[in-house]
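The structure appears below as structure tokens.
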Amino acid sequence: MTAAAKPLSVHLIAGARPNFVKIAPLWHVLSQCDWCQPFIIHTGQHYDISMSDWMFRDLRLPPPDFHLGALTGSHARVTGSIMMAYEKLCLDESRPDWVIVVGDVDSTIACTLTAKKLGFPVAHLEAGLRSLDRGMPEELNRILTDSIADLLWTPSIDGNDNLLREGVPPEKIELVGNIMIDALFAVLPTVEKCKVADEIGFVPDKQYGVVTLHRPSNVDDPAVLEAIVRELCDAAKKVQLIFPLHPRTKRGLNLAGLEDQLTGAGVRLIPPLSYIPFIALIRQASFLLTDSGGVQEETSVLGVPCLTLRASTERPVTITQGTNRLITAENLLSAVREAMVTERNPTAIEFWDGNTAQRVAASLKNAAGKVRQ
Ligand code: UDP
């Protein structure tokens, strides 16, 4: 780098738990590059200690460079407050050369829209995923973000196909692989030393299932949630269930008065775990029952049977090549029975190899025209 060359100022936008997992490998690579200066912008969408601070610690991330202080509440409040705070940041304090957004949360579209209207180039990491269910708030965020971002980094070939079908010019699309798997591989040595029993406050049974739910379609409607809880209580008669509760799910269970039903049936309700103990817990589990996006991917790579309580998935490769299957409340119990006798089958999916952050860095450098390293 010449003395006069200024490093590329790159904003890494992260607002919610899965975003922290996605920016971590990239921050670790970019912070080692002399042509680039990454800044972590925490939008404040997820702010409590287990969903944010502990995730930063486990992912070995430094404290965020900037906090946007998102309001809580409706999508409009969250998105609007992030947009106003991010615009101010870009204009007054930290002007980016590139903005990198990840995933599909409100922070993703809020900062994409703000940056684009200010004229800054945006790259979307984990572009092209589609559940084809526009009732999902995340699907709207994905479609809108991909339609205006300048550079679209996809995790798997179906992402390229989706974008091409939507008319995105091929030169904007690059298959880089799955950044979450970089994060997973990075923590595995530490995960092996993690004493799960200490973390969760009890010794799990030999066979156990882990439950994570937080999609609005499952936890916001008390009738839907009650039907799921009924099935979980039945499943708990067959196998121990450990259920780290997302704040949204805790709220849903409280509002519907369903927490006691679950604990009465023996389901172990625990607070959200930070990343390392969570991976340690799922690695040893007989199965995962989830509606999470990222967990479908992690279980595929770990070879743990995954039952996804959703009508569709934006990660079809986890079904065709991984351990994932879609289930409903009606077939939950039979799916659990089958998963308990399913053999573990870790999968090698193309480009889910721990080197995605390196490919993203190379792509960014190329796009920014910075041939200075
Ligand atoms: N995760 C975690 N602790 C938990 C539950 C999940 O660290 O108690 C991690 C999980 O390993 C994955 C990410 O959080 O890396 C997924 O986040 P979430 O399910 O909230 O979001 P989604 O992937 O559905 O967008």
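Going through the structure tokens in order, the chains are called A, B, and so on, while each chain numbers its residues from 1 and the ligands are numbered from 1 in the order shown.
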List the neighbours of Gly322 of chain A out to 12 Å using only C-alpha atoms; skip same-chain residues closer than 6 positions along the sequence, and give me the result as a PDB file with C-alpha atoms, in the first residue's frame.
ATOM      1  CA  VAL A 295     -29.676 -23.911  12.521  1.00  0.00           C
ATOM      2  CA  GLN A 296     -30.840 -25.834   9.423  1.00  0.00           C
ATOM      3  CA  GLU A 297     -27.389 -25.182   7.963  1.00  0.00           C
ATOM      4  CA  GLU A 298     -25.348 -25.902  11.075  1.00  0.00           C
ATOM      5  CA  THR A 299     -27.112 -29.227  11.699  1.00  0.00           C
ATOM      6  CA  SER A 300     -26.523 -30.273   8.077  1.00  0.00           C
ATOM      7  CA  VAL A 301     -22.797 -29.769   8.456  1.00  0.00           C
ATOM      8  CA  LEU A 302     -22.734 -31.416  11.897  1.00  0.00           C
ATOM      9  CA  GLY A 303     -24.847 -34.334  10.635  1.00  0.00           C
ATOM     10  CA  VAL A 304     -27.557 -33.906  13.260  1.00  0.00           C
ATOM     11  CA  PRO A 305     -31.116 -34.666  12.058  1.00  0.00           C
ATOM     12  CA  CYS A 306     -33.049 -31.413  11.730  1.00  0.00           C
ATOM     13  CA  LEU A 307     -36.843 -31.123  11.793  1.00  0.00           C
ATOM     14  CA  ARG A 315     -32.244 -23.222   2.344  1.00  0.00           C
ATOM     15  CA  PRO A 316     -33.324 -26.109   0.058  1.00  0.00           C
ATOM     16  CA  ARG A 344     -25.833 -38.995  11.942  1.00  0.00           C
ATOM     17  CA  ASN A 345     -24.741 -38.005   8.512  1.00  0.00           C
ATOM     18  CA  PRO A 346     -22.465 -34.963   8.268  1.00  0.00           C
ATOM     19  CA  THR A 347     -22.557 -33.454   4.791  1.00  0.00           C
ATOM     20  CA  ALA A 348     -19.951 -31.701   2.706  1.00  0.00           C
ATOM     21  CA  ILE A 349     -21.816 -29.043   0.748  1.00  0.00           C
ATOM     22  CA  GLU A 350     -19.927 -27.200  -1.970  1.00  0.00           C
ATOM     23  CA  TRP A 352     -19.463 -24.654   2.910  1.00  0.00           C
TER      24      TRP A 352
END
Contacts to ligand 1 at 6 Å cut-off (only C-alpha atoms and all ligand atoms) as JSON, numbers by chain: {"A": [17, 18, 21, 244, 272, 273, 274, 275, 278, 279, 292, 293, 294, 295]}
Restricting the calculation to only C-alpha atoms: of A:Val29, A:Val210, A:Leu89, A:Ala127, which residue gets closest to Gln284 of chain A? A:Val210
Atom CA of Arg359 of chain A and atom CA of Gly177 of chain A are how many Å apart? 8.2 Å
Please identify the strand (DSSP E or B) residues within segment 21-137 of chain A (assignment by DSSP from backbone atoms) and present them as a PyMOL selection string. chain A and resi 36-42+66-67+98-102+122-125
Exercise: segment 239-241 of chain A partners within 7 Å, only C-alpha atoms, chain neighbours under 4 positions left out, as a ChimeraX atom specification: /A:205,207-211,235,267-268
From a DSSP calculation on the backbone, collect every residue of segment 107-258 of chain A in alpha helix (DSSP H) and output the set as a VMD selection string. chain A and resid 107 to 118 137 to 148 157 to 165 179 to 193 196 to 200 216 to 219 222 to 235 247 to 256
Using only C-alpha atoms, which residues sit within 10 Å of Ala329 of chain A once same-chain residues fewer than 2 positions away are excluded, as a VMD selection string? chain A and resid 218 224 to 225 227 to 232 309 to 310 327 331 to 333 335
Please dump the current selection as a PDB file, in the first residue's frame; keep N, CA and C atoms.
ATOM      1  N   ASN A 218     -45.050 -19.202  13.846  1.00  0.00           N
ATOM      2  CA  ASN A 218     -45.193 -20.255  14.866  1.00  0.00           C
ATOM      3  C   ASN A 218     -45.505 -19.719  16.257  1.00  0.00           C
ATOM      4  N   VAL A 224     -51.895 -21.266  17.245  1.00  0.00           N
ATOM      5  CA  VAL A 224     -50.834 -22.034  16.565  1.00  0.00           C
ATOM      6  C   VAL A 224     -49.814 -22.510  17.596  1.00  0.00           C
ATOM      7  N   LEU A 225     -49.440 -21.581  18.478  1.00  0.00           N
ATOM      8  CA  LEU A 225     -48.433 -21.925  19.485  1.00  0.00           C
ATOM      9  C   LEU A 225     -48.948 -23.024  20.416  1.00  0.00           C
ATOM     10  N   ALA A 227     -51.043 -25.401  19.705  1.00  0.00           N
ATOM     11  CA  ALA A 227     -51.006 -26.697  19.005  1.00  0.00           C
ATOM     12  C   ALA A 227     -49.585 -27.255  19.009  1.00  0.00           C
ATOM     13  N   ILE A 228     -48.607 -26.380  18.819  1.00  0.00           N
ATOM     14  CA  ILE A 228     -47.200 -26.830  18.827  1.00  0.00           C
ATOM     15  C   ILE A 228     -46.821 -27.315  20.230  1.00  0.00           C
ATOM     16  N   VAL A 229     -47.225 -26.536  21.233  1.00  0.00           N
ATOM     17  CA  VAL A 229     -46.888 -26.895  22.618  1.00  0.00           C
ATOM     18  C   VAL A 229     -47.481 -28.264  22.976  1.00  0.00           C
ATOM     19  N   ARG A 230     -48.705 -28.508  22.531  1.00  0.00           N
ATOM     20  CA  ARG A 230     -49.351 -29.805  22.803  1.00  0.00           C
ATOM     21  C   ARG A 230     -48.498 -30.950  22.252  1.00  0.00           C
ATOM     22  N   GLU A 231     -48.004 -30.760  21.027  1.00  0.00           N
ATOM     23  CA  GLU A 231     -47.191 -31.820  20.398  1.00  0.00           C
ATOM     24  C   GLU A 231     -45.842 -31.960  21.099  1.00  0.00           C
ATOM     25  N   LEU A 232     -45.264 -30.812  21.501  1.00  0.00           N
ATOM     26  CA  LEU A 232     -43.978 -30.880  22.216  1.00  0.00           C
ATOM     27  C   LEU A 232     -44.150 -31.629  23.532  1.00  0.00           C
ATOM     28  N   LEU A 309     -39.914 -26.860  11.463  1.00  0.00           N
ATOM     29  CA  LEU A 309     -41.353 -26.680  11.623  1.00  0.00           C
ATOM     30  C   LEU A 309     -41.809 -25.483  10.787  1.00  0.00           C
ATOM     31  N   ARG A 310     -41.801 -25.676   9.478  1.00  0.00           N
ATOM     32  CA  ARG A 310     -42.182 -24.605   8.563  1.00  0.00           C
ATOM     33  C   ARG A 310     -42.724 -25.228   7.278  1.00  0.00           C
ATOM     34  N   ILE A 327     -41.452 -30.222   8.589  1.00  0.00           N
ATOM     35  CA  ILE A 327     -42.522 -30.937   9.291  1.00  0.00           C
ATOM     36  C   ILE A 327     -43.640 -29.952   9.662  1.00  0.00           C
ATOM     37  N   ASN A 331     -47.429 -33.770  12.146  1.00  0.00           N
ATOM     38  CA  ASN A 331     -46.531 -34.944  12.078  1.00  0.00           C
ATOM     39  C   ASN A 331     -45.279 -34.799  12.943  1.00  0.00           C
ATOM     40  N   LEU A 332     -45.324 -33.842  13.885  1.00  0.00           N
ATOM     41  CA  LEU A 332     -44.158 -33.583  14.734  1.00  0.00           C
ATOM     42  C   LEU A 332     -43.731 -34.840  15.510  1.00  0.00           C
ATOM     43  N   LEU A 333     -44.715 -35.493  16.097  1.00  0.00           N
ATOM     44  CA  LEU A 333     -44.402 -36.634  16.962  1.00  0.00           C
ATOM     45  C   LEU A 333     -43.768 -37.782  16.173  1.00  0.00           C
ATOM     46  N   ALA A 335     -42.222 -37.515  13.368  1.00  0.00           N
ATOM     47  CA  ALA A 335     -40.911 -37.060  12.882  1.00  0.00           C
ATOM     48  C   ALA A 335     -39.860 -37.189  13.983  1.00  0.00           C
TER      49      ALA A 335
END
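Atom CA of Leu118 of chain A to atom CA of Lys88 of chain A spans 10.7 Å [interatomic distance, one decimal].
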For segment 100-149 of chain A versus segment 62-71 of chain A, which residues have an atom no more than 12 Å away, and what is each residue's nearest atom pair and distance in Å rounded to one decimal, using only C-alpha atoms, chain-then-number order, as JSON lines?
{"residue": "A:Asp106", "atom": "CA", "partner": "A:Ala70", "partner_atom": "CA", "distance": 10.2}
{"residue": "A:Ser107", "atom": "CA", "partner": "A:Ala70", "partner_atom": "CA", "distance": 8.9}
{"residue": "A:Ala110", "atom": "CA", "partner": "A:Ala70", "partner_atom": "CA", "distance": 10.6}
{"residue": "A:Cys111", "atom": "CA", "partner": "A:Leu68", "partner_atom": "CA", "distance": 10.7}
Would you mind exporting all heavy atoms of the selected residues as a compact mmCIF listing (two decimals), in the first residue's frame?
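Below is the file that was written, result02.txt:
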# COMPACT_ATOMS: atom_id res chain seq x y z
N ASP A 106 -34.61 -6.87 9.63
CA ASP A 106 -34.98 -5.49 9.33
C ASP A 106 -33.75 -4.58 9.19
O ASP A 106 -33.75 -3.64 8.39
CB ASP A 106 -35.93 -4.94 10.42
CG ASP A 106 -37.32 -5.56 10.31
OD1 ASP A 106 -37.64 -6.15 9.26
OD2 ASP A 106 -38.09 -5.45 11.29
N SER A 107 -32.71 -4.86 9.98
CA SER A 107 -31.47 -4.07 9.87
C SER A 107 -30.88 -4.17 8.47
O SER A 107 -30.27 -3.21 7.97
CB SER A 107 -30.42 -4.58 10.86
OG SER A 107 -30.92 -4.56 12.17
N ALA A 110 -32.99 -1.97 6.15
CA ALA A 110 -32.93 -0.57 6.59
C ALA A 110 -31.62 0.08 6.15
O ALA A 110 -31.61 1.19 5.59
CB ALA A 110 -33.07 -0.49 8.12
N CYS A 111 -30.50 -0.62 6.37
CA CYS A 111 -29.21 -0.01 6.05
C CYS A 111 -28.94 -0.07 4.55
O CYS A 111 -28.28 0.83 4.00
CB CYS A 111 -28.09 -0.69 6.85
SG CYS A 111 -28.25 -0.30 8.60
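If only C-alpha atoms are the atoms counted, then among A:Ile143, A:Ile109, A:Ile270, A:Val360 the closest residue to Met83 of chain A is A:Ile109.
Excluding Lys195 of chain A itself and same-chain residues fewer than 3 positions from it, the residues having an atom within 10 Å of it are A:Val191, A:Glu192, A:Asp198, A:Glu199, A:Ile200, A:Val203, A:Pro277, A:Ala280, A:Leu281, counting only C-alpha atoms.
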With N, CA, C and O atoms retained, write the just-selected residues as a PDB file, in the first residue's frame.
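Heads up, here's the output in result-v8.pdb:
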ATOM      1  N   VAL A 191     -15.593 -25.578  21.255  1.00  0.00           N
ATOM      2  CA  VAL A 191     -16.834 -26.308  21.546  1.00  0.00           C
ATOM      3  C   VAL A 191     -16.499 -27.657  22.178  1.00  0.00           C
ATOM      4  O   VAL A 191     -17.174 -28.110  23.108  1.00  0.00           O
ATOM      5  N   GLU A 192     -15.436 -28.293  21.668  1.00  0.00           N
ATOM      6  CA  GLU A 192     -15.079 -29.612  22.204  1.00  0.00           C
ATOM      7  C   GLU A 192     -14.754 -29.558  23.689  1.00  0.00           C
ATOM      8  O   GLU A 192     -14.960 -30.519  24.413  1.00  0.00           O
ATOM      9  N   ASP A 198     -22.574 -27.598  32.637  1.00  0.00           N
ATOM     10  CA  ASP A 198     -22.331 -26.381  33.429  1.00  0.00           C
ATOM     11  C   ASP A 198     -23.113 -25.202  32.833  1.00  0.00           C
ATOM     12  O   ASP A 198     -23.651 -24.363  33.545  1.00  0.00           O
ATOM     13  N   GLU A 199     -23.135 -25.160  31.520  1.00  0.00           N
ATOM     14  CA  GLU A 199     -23.775 -24.024  30.841  1.00  0.00           C
ATOM     15  C   GLU A 199     -25.294 -24.039  31.000  1.00  0.00           C
ATOM     16  O   GLU A 199     -25.922 -23.003  31.127  1.00  0.00           O
ATOM     17  N   ILE A 200     -25.882 -25.247  30.957  1.00  0.00           N
ATOM     18  CA  ILE A 200     -27.347 -25.285  30.987  1.00  0.00           C
ATOM     19  C   ILE A 200     -27.893 -25.591  32.375  1.00  0.00           C
ATOM     20  O   ILE A 200     -29.101 -25.572  32.591  1.00  0.00           O
ATOM     21  N   VAL A 203     -27.460 -32.017  33.794  1.00  0.00           N
ATOM     22  CA  VAL A 203     -26.846 -32.997  32.891  1.00  0.00           C
ATOM     23  C   VAL A 203     -27.941 -33.519  31.956  1.00  0.00           C
ATOM     24  O   VAL A 203     -28.933 -34.082  32.424  1.00  0.00           O
ATOM     25  N   PRO A 277     -21.741 -22.626  23.731  1.00  0.00           N
ATOM     26  CA  PRO A 277     -22.542 -23.679  24.382  1.00  0.00           C
ATOM     27  C   PRO A 277     -23.706 -24.167  23.527  1.00  0.00           C
ATOM     28  O   PRO A 277     -24.079 -25.336  23.600  1.00  0.00           O
ATOM     29  N   ALA A 280     -22.261 -26.616  21.179  1.00  0.00           N
ATOM     30  CA  ALA A 280     -21.915 -27.825  21.957  1.00  0.00           C
ATOM     31  C   ALA A 280     -23.168 -28.644  22.247  1.00  0.00           C
ATOM     32  O   ALA A 280     -23.155 -29.877  22.166  1.00  0.00           O
ATOM     33  N   LEU A 281     -24.255 -27.960  22.569  1.00  0.00           N
ATOM     34  CA  LEU A 281     -25.510 -28.661  22.882  1.00  0.00           C
ATOM     35  C   LEU A 281     -26.073 -29.360  21.641  1.00  0.00           C
ATOM     36  O   LEU A 281     -26.478 -30.531  21.706  1.00  0.00           O
TER      37      LEU A 281
END
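Candidate residues A:Cys36, A:Ala197, A:Leu164, A:Val10 were compared for distance to Ala115 of chain A, and the nearest is A:Val10, using only C-alpha atoms.
Excluding segment 23-25 of chain A itself and same-chain residues fewer than 4 positions from it, the residues having an atom within 9 Å of it are A:Leu12, A:Ile13, A:Ala14, A:Pro18, A:Asn19, A:Val29, A:Leu30, A:Ile40, A:Phe56, A:Leu59, A:Arg60, A:Leu61, A:Ile100, A:Val101, A:Val102, A:Ile179, A:Met180, A:Asp182, A:Ala183, A:Ala186, A:Gly354, A:Thr356, A:Ala357, A:Gln358, counting only C-alpha atoms.
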Take the selection from the previous step and output its residues with N, CA and C atoms, as a compact mmCIF listing (two decimals), in the first residue's frame.
# COMPACT_ATOMS: atom_id res chain seq x y z
N LEU A 12 -19.71 -3.03 8.38
CA LEU A 12 -20.33 -4.36 8.53
C LEU A 12 -21.58 -4.16 9.39
N ILE A 13 -22.75 -4.36 8.79
CA ILE A 13 -24.00 -4.09 9.49
C ILE A 13 -24.49 -5.35 10.19
N ALA A 14 -24.76 -5.22 11.48
CA ALA A 14 -25.26 -6.39 12.22
C ALA A 14 -26.28 -5.91 13.25
N PRO A 18 -28.28 -13.87 14.44
CA PRO A 18 -27.61 -14.54 13.31
C PRO A 18 -26.67 -13.62 12.55
N ASN A 19 -26.92 -12.31 12.59
CA ASN A 19 -26.01 -11.37 11.91
C ASN A 19 -24.63 -11.37 12.56
N VAL A 29 -11.21 -11.65 8.97
CA VAL A 29 -10.37 -11.61 7.76
C VAL A 29 -10.09 -10.16 7.34
N LEU A 30 -11.13 -9.33 7.29
CA LEU A 30 -10.93 -7.96 6.80
C LEU A 30 -10.03 -7.14 7.72
N ILE A 40 -17.69 -2.19 12.71
CA ILE A 40 -18.90 -2.93 13.06
C ILE A 40 -19.99 -1.94 13.49
N PHE A 56 -20.97 -11.72 20.87
CA PHE A 56 -19.72 -11.03 20.51
C PHE A 56 -18.53 -11.70 21.19
N LEU A 59 -17.75 -15.13 19.66
CA LEU A 59 -17.27 -15.01 18.27
C LEU A 59 -15.97 -14.21 18.19
N ARG A 60 -15.43 -13.83 19.34
CA ARG A 60 -14.18 -13.07 19.47
C ARG A 60 -14.24 -11.76 18.65
N LEU A 61 -15.39 -11.12 18.74
CA LEU A 61 -15.56 -9.82 18.08
C LEU A 61 -15.25 -8.71 19.08
N ILE A 100 -21.56 -3.54 3.87
CA ILE A 100 -21.87 -4.97 3.75
C ILE A 100 -23.02 -5.30 4.69
N VAL A 101 -24.10 -5.79 4.10
CA VAL A 101 -25.25 -6.24 4.91
C VAL A 101 -25.32 -7.76 4.82
N VAL A 102 -25.87 -8.37 5.86
CA VAL A 102 -25.94 -9.84 5.88
C VAL A 102 -27.37 -10.27 6.20
N ILE A 179 -21.11 -18.37 4.96
CA ILE A 179 -20.29 -17.70 5.98
C ILE A 179 -20.55 -18.27 7.38
N MET A 180 -21.78 -18.78 7.62
CA MET A 180 -22.07 -19.33 8.96
C MET A 180 -21.21 -20.55 9.25
N ASP A 182 -18.13 -20.91 8.24
CA ASP A 182 -16.83 -20.38 8.68
C ASP A 182 -16.86 -20.19 10.19
N ALA A 183 -17.94 -19.56 10.67
CA ALA A 183 -18.05 -19.29 12.12
C ALA A 183 -18.09 -20.61 12.90
N ALA A 186 -14.73 -22.28 13.04
CA ALA A 186 -13.79 -21.53 13.89
C ALA A 186 -13.96 -21.87 15.37
N GLY A 354 -15.55 -23.28 5.28
CA GLY A 354 -14.77 -22.45 6.21
C GLY A 354 -13.95 -21.37 5.53
N THR A 356 -15.26 -19.07 3.23
CA THR A 356 -16.14 -18.08 2.59
C THR A 356 -15.65 -16.65 2.84
N ALA A 357 -15.24 -16.35 4.05
CA ALA A 357 -14.80 -14.97 4.35
C ALA A 357 -13.62 -14.58 3.46
N GLN A 358 -12.73 -15.53 3.19
CA GLN A 358 -11.58 -15.24 2.31
C GLN A 358 -12.07 -14.91 0.90
